[in-house]
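Asks: Pasting data-v4.txt below, which is compact mmCIF, C-alpha atoms.
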# COMPACT_ATOMS: atom_id res chain seq x y z
CA MET A 1 91.56 239.17 -64.47
CA ALA A 2 93.63 236.28 -63.21
CA ARG A 3 96.77 238.11 -64.13
CA LEU A 4 95.59 241.21 -62.31
CA GLY A 5 94.78 239.19 -59.25
CA ARG A 6 98.19 237.60 -59.25
CA SER A 7 99.95 240.93 -59.69
CA GLY A 8 97.87 242.46 -56.92
CA SER A 9 98.76 239.67 -54.53
CA LYS A 10 102.47 240.02 -55.37
CA SER A 11 102.31 243.76 -54.73
CA GLN A 12 100.63 243.14 -51.38
CA LYS A 13 103.37 240.67 -50.39
CA ARG A 14 106.14 243.07 -51.38
CA SER A 15 104.64 246.12 -49.67
CA PRO A 16 105.58 245.05 -46.07
CA LYS A 17 109.16 244.36 -47.12
CA ARG A 18 109.41 247.74 -48.79
CA LEU A 19 107.91 249.37 -45.71
CA ILE A 20 110.46 247.71 -43.40
CA LEU A 21 113.30 248.65 -45.74
CA GLY A 22 112.09 252.24 -45.82
CA VAL A 23 111.96 252.37 -42.01
CA PHE A 24 115.57 251.13 -41.77
CA ILE A 25 116.75 253.66 -44.33
CA PHE A 26 114.90 256.46 -42.55
CA GLY A 27 116.38 255.38 -39.21
CA ALA A 28 119.90 255.32 -40.63
CA ILE A 29 119.49 258.81 -42.06
CA ALA A 30 118.11 260.01 -38.75
CA LEU A 31 121.12 258.60 -36.88
CA VAL A 32 123.54 260.29 -39.26
CA LEU A 33 121.74 263.59 -38.84
CA ALA A 34 121.65 263.13 -35.07
CA GLN A 35 125.42 262.60 -34.94
CA SER A 36 126.16 265.55 -37.21
CA ALA A 37 123.76 268.13 -35.75
CA PRO A 38 124.84 269.33 -32.25
CA GLN A 39 121.33 270.29 -31.17
CA ILE A 40 119.86 266.92 -32.07
CA ARG A 41 122.88 265.04 -30.69
CA THR A 42 122.28 266.45 -27.22
CA LEU A 43 118.90 264.71 -27.18
CA PHE A 44 120.57 261.31 -27.67
CA ASN A 45 123.37 261.85 -25.14
CA PRO A 46 121.45 260.50 -22.11
CA VAL A 47 120.46 257.37 -24.00
CA ARG A 48 123.96 256.82 -25.34
CA THR A 49 125.46 257.36 -21.88
CA THR A 50 123.09 254.86 -20.30
CA VAL A 51 123.81 252.22 -22.94
CA GLY A 52 127.56 252.81 -22.61
CA ASP A 53 127.38 252.43 -18.83
CA GLN A 54 125.48 249.16 -19.21
CA LEU A 55 128.00 247.78 -21.73
CA GLY A 56 131.19 249.06 -20.13
CA GLY A 57 130.25 249.65 -16.51
CA ASN A 58 131.25 246.20 -15.38
CA GLU A 59 134.91 246.20 -14.32
CA GLY A 60 135.27 242.51 -15.04
CA PHE A 61 133.97 242.65 -18.60
CA ASN A 62 133.88 245.58 -20.99
CA ALA A 63 131.90 244.61 -24.07
CA TRP A 64 132.88 247.66 -26.11
CA ALA A 65 136.57 247.23 -25.32
CA TRP A 66 136.30 243.53 -26.16
CA VAL A 67 134.66 244.24 -29.53
CA THR A 68 137.17 246.94 -30.54
CA GLY A 69 140.23 245.01 -29.26
CA GLN A 70 141.10 247.69 -26.72
CA ALA A 71 141.00 245.25 -23.82
CA LYS A 72 143.57 243.00 -25.50
CA ARG A 73 145.87 245.94 -26.18
CA GLU A 74 145.60 247.19 -22.61
CA ARG A 75 146.34 243.72 -21.27
CA ARG A 76 149.40 243.44 -23.51
CA ILE A 77 150.60 246.90 -22.41
CA LYS A 78 150.34 245.84 -18.75
CA GLU A 79 152.31 242.65 -19.47
CA LEU A 80 155.05 244.63 -21.23
CA GLU A 81 155.21 247.14 -18.38
CA ALA A 82 155.63 244.32 -15.86
CA GLU A 83 158.35 242.75 -18.05
CA VAL A 84 160.18 246.08 -18.29
CA ARG A 85 160.09 246.44 -14.50
CA ASN A 86 161.55 242.94 -14.08
CA LEU A 87 164.25 243.62 -16.68
CA SER A 88 165.12 246.88 -14.94
CA ARG A 89 165.73 245.00 -11.70
CA TYR A 90 167.87 242.42 -13.48
CA LYS A 91 169.81 245.20 -15.21
CA ALA A 92 170.54 246.95 -11.93
CA ALA A 93 171.67 243.65 -10.38
CA ALA A 94 173.90 242.87 -13.38
CA ILE A 95 175.53 246.31 -13.28
CA SER A 96 176.16 245.95 -9.56
CA MET A 97 177.69 242.49 -10.01
CA ALA A 98 179.88 243.70 -12.90
CA GLU A 99 181.20 246.61 -10.85
CA ARG A 100 181.85 244.31 -7.89
CA LEU A 101 183.66 241.81 -10.13
CA GLU A 102 185.89 244.53 -11.58
CA ALA A 103 186.75 245.69 -8.06
CA TYR A 104 187.61 242.12 -6.99
CA GLU A 105 189.78 241.56 -10.08
CA GLU A 106 191.63 244.80 -9.42
CA ILE A 107 192.20 243.91 -5.77
CA LEU A 108 193.38 240.38 -6.61
CA ASN A 109 195.45 241.58 -9.60
CA LEU A 110 193.75 238.86 -11.66
CA VAL A 111 195.29 237.98 -15.02
CA GLY A 112 192.46 237.53 -17.53
CA GLU A 113 192.31 235.81 -20.89
CA PRO A 114 194.81 237.09 -23.48
CA PRO A 115 193.32 239.16 -26.30
CA ALA A 116 192.21 237.11 -29.29
CA ARG A 117 194.26 237.49 -32.44
CA GLY A 118 193.33 235.55 -35.48
CA VAL A 119 192.60 235.35 -39.19
CA THR A 120 189.21 236.05 -40.75
CA ALA A 121 188.30 233.85 -43.72
CA ARG A 122 185.28 233.12 -45.87
CA VAL A 123 183.45 229.80 -45.78
CA THR A 124 183.82 228.25 -49.23
CA ALA A 125 182.33 224.77 -48.83
CA GLU A 126 180.32 222.61 -46.47
CA ASN A 127 180.18 218.90 -45.83
CA ASP A 128 177.16 217.75 -43.86
CA GLY A 129 177.77 214.06 -44.34
CA PRO A 130 176.54 211.18 -42.18
CA PHE A 131 179.86 210.93 -40.33
CA ALA A 132 181.16 214.50 -40.07
CA GLN A 133 179.84 218.04 -40.26
CA THR A 134 182.67 220.26 -41.44
CA ILE A 135 183.22 223.49 -43.34
CA LEU A 136 186.11 224.69 -45.47
CA ALA A 137 187.59 228.19 -45.06
CA ASN A 138 189.85 229.91 -47.60
CA ALA A 139 192.76 230.63 -45.26
CA GLY A 140 195.54 228.35 -44.14
CA ARG A 141 199.10 228.16 -42.96
CA ALA A 142 200.23 230.86 -45.37
CA GLN A 143 197.78 233.35 -43.80
CA GLY A 144 198.88 232.56 -40.24
CA VAL A 145 196.31 229.95 -39.22
CA GLU A 146 197.71 227.58 -36.59
CA PRO A 147 196.89 223.88 -36.07
CA GLY A 148 193.95 223.38 -33.70
CA ALA A 149 192.74 226.98 -34.11
CA VAL A 150 189.30 227.86 -32.75
CA ALA A 151 186.72 229.15 -35.26
CA LEU A 152 184.15 231.81 -34.34
CA ASN A 153 181.56 233.91 -36.12
CA GLU A 154 179.26 236.75 -35.12
CA GLY A 155 176.98 234.35 -33.24
CA GLY A 156 179.49 232.41 -31.19
CA LEU A 157 181.69 229.32 -31.29
CA VAL A 158 181.68 227.46 -34.62
CA GLY A 159 184.26 224.70 -34.23
CA ARG A 160 187.92 223.78 -34.37
CA VAL A 161 190.45 223.36 -37.18
CA ILE A 162 191.17 219.66 -37.72
CA GLN A 163 192.98 219.86 -41.07
CA LEU A 164 195.30 222.67 -42.10
CA GLY A 165 196.55 223.31 -45.60
CA GLU A 166 198.67 225.99 -47.14
CA TYR A 167 195.68 228.10 -48.25
CA SER A 168 192.66 226.37 -46.67
CA SER A 169 191.42 224.98 -43.35
CA ARG A 170 188.87 222.31 -42.53
CA ILE A 171 186.81 223.02 -39.40
CA LEU A 172 184.90 220.41 -37.42
CA LEU A 173 181.64 222.01 -36.27
CA ILE A 174 180.47 221.83 -32.67
CA THR A 175 177.14 220.52 -34.03
CA ASP A 176 178.90 217.28 -35.01
CA PHE A 177 178.50 214.22 -32.81
CA ASN A 178 182.27 213.70 -32.67
CA SER A 179 182.86 217.19 -31.30
CA ARG A 180 183.41 217.47 -27.55
CA VAL A 181 183.42 220.92 -25.94
CA PRO A 182 183.86 221.50 -22.18
CA VAL A 183 181.22 224.07 -21.22
CA MET A 184 179.70 225.73 -18.16
CA GLY A 185 176.57 227.69 -17.31
CA GLU A 186 177.04 231.45 -17.20
CA VAL A 187 174.78 231.86 -14.15
CA SER A 188 174.81 228.46 -12.42
CA GLY A 189 178.48 227.64 -13.10
CA VAL A 190 177.56 224.00 -13.74
CA ARG A 191 180.14 222.25 -15.93
CA ALA A 192 179.52 219.56 -18.51
CA ILE A 193 180.67 218.20 -21.89
CA LEU A 194 178.75 219.28 -25.00
CA TYR A 195 178.40 217.26 -28.20
CA GLY A 196 176.23 217.75 -31.28
CA GLY A 197 173.17 215.91 -32.50
CA ARG A 198 171.30 215.34 -35.74
CA ASP A 199 168.27 217.32 -34.54
CA GLY A 200 170.19 220.61 -34.46
CA LEU A 201 170.43 220.77 -30.66
CA GLY A 202 173.43 220.00 -28.51
CA SER A 203 173.43 217.37 -25.78
CA LEU A 204 175.20 217.51 -22.42
CA THR A 205 177.00 214.71 -20.63
CA ASP A 206 179.09 214.30 -17.46
CA LEU A 207 176.61 216.44 -15.53
CA PRO A 208 176.96 216.75 -11.75
CA GLU A 209 174.38 214.89 -9.67
CA ARG A 210 173.39 217.70 -7.31
CA ASP A 211 173.78 220.93 -9.25
CA ASP A 212 171.59 221.90 -12.18
CA PHE A 213 171.44 224.49 -14.95
CA VAL A 214 169.18 227.54 -14.97
CA GLU A 215 166.55 227.51 -17.71
CA GLY A 216 167.51 229.92 -20.49
CA GLU A 217 171.03 230.73 -19.28
CA ARG A 218 173.90 231.03 -21.73
CA ILE A 219 176.40 228.23 -22.14
CA LEU A 220 180.07 229.24 -22.35
CA THR A 221 183.32 227.39 -22.89
CA SER A 222 185.02 226.46 -19.62
CA ALA A 223 188.60 226.12 -20.99
CA GLU A 224 189.04 222.71 -19.37
CA GLY A 225 191.44 220.57 -21.34
CA GLY A 226 193.06 223.58 -23.00
CA ALA A 227 191.35 223.12 -26.40
CA PHE A 228 189.11 226.20 -26.20
CA PRO A 229 189.60 229.53 -24.44
CA ARG A 230 187.32 230.40 -21.56
CA GLY A 231 184.14 232.44 -22.00
CA LEU A 232 183.24 231.83 -25.67
CA ILE A 233 179.48 231.84 -26.30
CA VAL A 234 178.21 228.40 -27.28
CA GLY A 235 174.44 228.61 -26.96
CA GLU A 236 171.44 228.70 -24.64
CA VAL A 237 170.32 225.83 -22.43
CA ARG A 238 166.73 224.62 -22.32
CA LYS A 239 164.86 221.71 -20.78
CA VAL A 240 163.55 219.13 -23.27
CA GLY A 241 161.75 216.40 -21.42
CA ASP A 242 164.11 215.15 -18.73
CA ASP A 243 167.28 216.21 -20.55
CA TRP A 244 169.12 219.49 -20.86
CA ARG A 245 169.68 220.54 -24.48
CA VAL A 246 171.59 223.46 -25.97
CA LYS A 247 170.43 225.71 -28.79
CA PHE A 248 173.60 226.76 -30.63
CA SER A 249 174.28 230.48 -30.94
CA MET A 250 176.53 230.41 -33.99
CA ALA A 251 175.08 232.25 -36.96
CA GLU A 252 174.06 230.55 -40.20
CA ARG A 253 177.24 229.75 -42.06
CA ASP A 254 176.01 229.85 -45.67
CA GLY A 255 178.34 232.27 -47.42
CA GLY A 256 179.51 233.63 -44.07
CA TYR A 257 182.86 234.34 -42.48
CA VAL A 258 184.73 232.77 -39.59
CA GLN A 259 187.55 234.06 -37.43
CA MET A 260 190.19 231.49 -36.55
CA ILE A 261 192.09 232.29 -33.37
CA PRO A 262 194.94 230.23 -31.90
CA ALA A 263 194.08 227.66 -29.29
CA PRO A 264 195.04 228.67 -25.75
CA GLU A 265 198.61 227.76 -24.91
CA ILE A 266 199.88 227.72 -21.37
CA ARG A 267 203.60 227.16 -21.40
CA LYS A 268 205.15 225.17 -18.61
CA PRO A 269 207.51 227.11 -16.36
CA MET A 270 211.15 226.51 -17.00
CA GLU A 271 213.05 224.61 -14.33
CA LEU A 272 215.75 226.74 -12.79
CA GLU A 273 218.95 225.22 -11.55
CA VAL A 274 219.26 225.87 -7.83
CA GLU A 275 222.80 226.05 -6.52
CA GLU A 276 223.42 224.22 -3.30
CA PRO A 277 224.56 226.57 -0.54
CA THR A 278 228.18 226.11 0.58
CA VAL A 279 228.75 225.79 4.29
CA ALA A 280 231.95 227.43 5.58
CA ALA A 281 234.13 225.32 7.86
CA SER A 282 234.38 226.39 11.48
CA PRO A 283 237.81 227.21 13.11
CA ALA A 284 237.63 224.13 15.30
CA GLN A 285 237.14 221.83 12.29
CA GLY A 286 240.11 223.53 10.56
CA ALA A 287 242.36 222.91 13.58
CA ARG A 288 241.37 219.23 13.73
CA GLN A 289 242.18 218.78 10.06
Give the structure from the file, written as structure tokens.

Replies:
Amino acid sequence: MARLGRSGSKSQKRSPKRLILGVFIFGAIALVLAQSAPQIRTLFNPVRTTVGDQLGGNEGFNAWAWVTGQAKRERRIKELEAEVRNLSRYKAAAISMAERLEAYEEILNLVGEPPARGVTARVTAENDGPFAQTILANAGRAQGVEPGAVALNEGGLVGRVIQLGEYSSRILLITDFNSRVPVMGEVSGVRAILYGGRDGLGSLTDLPERDDFVEGERILTSAEGGAFPRGLIVGEVRKVGDDWRVKFSMAERDGGYVQMIPAPEIRKPMELEVEEPTVAASPAQGARQ
């Protein structure tokens, strides 16, 4: 009898749980049937519309869009559309400036930079020591590399040849502290001297007091001093604290290639011998003599 009483009490405790579970199952089946049957679905349309208006009717907050992530996607789409509009304006301004510059150069008969001719070689070794950051390329004097040649890769300026052999060249990288590159801002035109650092970013010195760079503009070689040609891509300037730093644009050099072009050479004009004009004697002077 005790066992029966215990089993009866357990069955009474479990019966409400089973009842609730059965109600949930029945409700789920009813919802599935309501969504699948068109006639029954029409009965739930007013309720569903009212609930949807309450959840999504507020323009400031759409609960359904927030849950499904639609609001985040729409916000991102609007940001991209605004960015595209800004880039379109910049593109139109850049095209207009390029056309104007070409017209000015044609009017002034401006002589530009000579075309680059050089030797392409593979990087065979690296030396990232504490005193110098250099690379070794498998082309030298026999392949036409000249002393002081400028090394480039697909990213931008790499460095300058400091040692030249018959079949190899040693290049001092612009990321080295001992490297000094005269540079200028592509947009601002501000000029400075760039040298490397151990943190992978370039530092700028000899900056003007009044002028300043534009955040994110490209840094190009300025050709001052005659060591590098004008207009080679060096990197991108950014503000780090109170200092301007440069993120180098040259590609990773592991197993890569470099193109070594001759350093710019501006020959001095030859001095021409000017003959002194001869003055003919007048008749009066001839009579006196």

Asks: What is the distance between atom CA of Ile219 of chain A and atom CA of Ile261 of chain A, in Å to one decimal?

Replies: 19.7 Å

Asks: Could you work out how far atom CA of Asp206 of chain A lies from atom CA of Arg230 of chain A, giving the answer in Å with one decimal?

Replies: 18.5 Å

Asks: Using Å and a single decimal, report how far atom CA of Glu154 of chain A sits from atom CA of Lys91 of chain A.

Replies: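 Distance reported for this atom pair: 23.6 Å.
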
Asks: I'd like to know which of A:Val237, A:Tyr90, A:Phe248, A:Gly140 is closest to Leu157 of chain A, using all atoms listed in the file.

Replies: A:Phe248

Asks: So which one's closest to Thr134 of chain A, A:Leu108, A:Ile162, A:Ala98, A:Leu19? Using all atoms listed in the file, please.

Replies: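 Counting all atoms listed in the file, the residue closest to Thr134 of chain A is A:Ile162.
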
Asks: In terms of the shortest atom-to-atom distance over all atoms listed in the file, which of A:Glu74, A:Glu105, A:Asp176, A:Glu79 is closest to Ser203 of chain A?

Replies: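 Smallest separation from Ser203 of chain A among the options: A:Asp176.
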
Asks: Centre and edge lengths, as lines of an AutoDock Vina configuration file, for the axis-aligned box enclosing every listed atom of segment 168-176 of chain A with 4 Å of padding on each of the six sides, in Å to one decimal?

Replies:
center_x = 184.9
center_y = 221.8
center_z = -39.7
size_x = 23.5
size_y = 17.1
size_z = 22.0

Asks: Write out as a list in words the residues lying within 10 Å of segment 163-166 of chain A, counting all atoms listed in the file and excluding same-chain residues fewer than 2 positions away.

Replies: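 Result of the neighbour search: Leu136, Ala137, Asn138, Ala139, Gly140, Arg141, Ala142, Gln143, Gly144, Val145, Glu146, Pro147, Gly148, Ala149, Arg160, Val161, Ser168, Ser169, Arg170, Ile171 and Leu172 of chain A.
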
Asks: For Leu220 of chain A, which residue out of A:Val183, A:Thr205, A:Tyr195, A:Val190 is the nearest one, using only C-alpha atoms?

Replies: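 That would be A:Val183, the residue with the smallest distance to Leu220 of chain A.
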
Asks: Hey, could you make a per-residue contact list for segment 211-261 of chain A against segment 118-122 of chain A with 6 Å as the cut-off, showing the nearest pair of atoms and its distance in Å to one decimal, counting all atoms listed in the file, sorted by chain and number, as a Markdown table?

Replies:
| residue | atom | partner | partner_atom | distance |
| --- | --- | --- | --- | --- |
| A:Tyr257 | CA | A:Arg122 | CA | 4.3 |
| A:Val258 | CA | A:Ala121 | CA | 5.6 |
| A:Gln259 | CA | A:Thr120 | CA | 4.2 |
| A:Met260 | CA | A:Gly118 | CA | 5.2 |
| A:Ile261 | CA | A:Gly118 | CA | 4.1 |
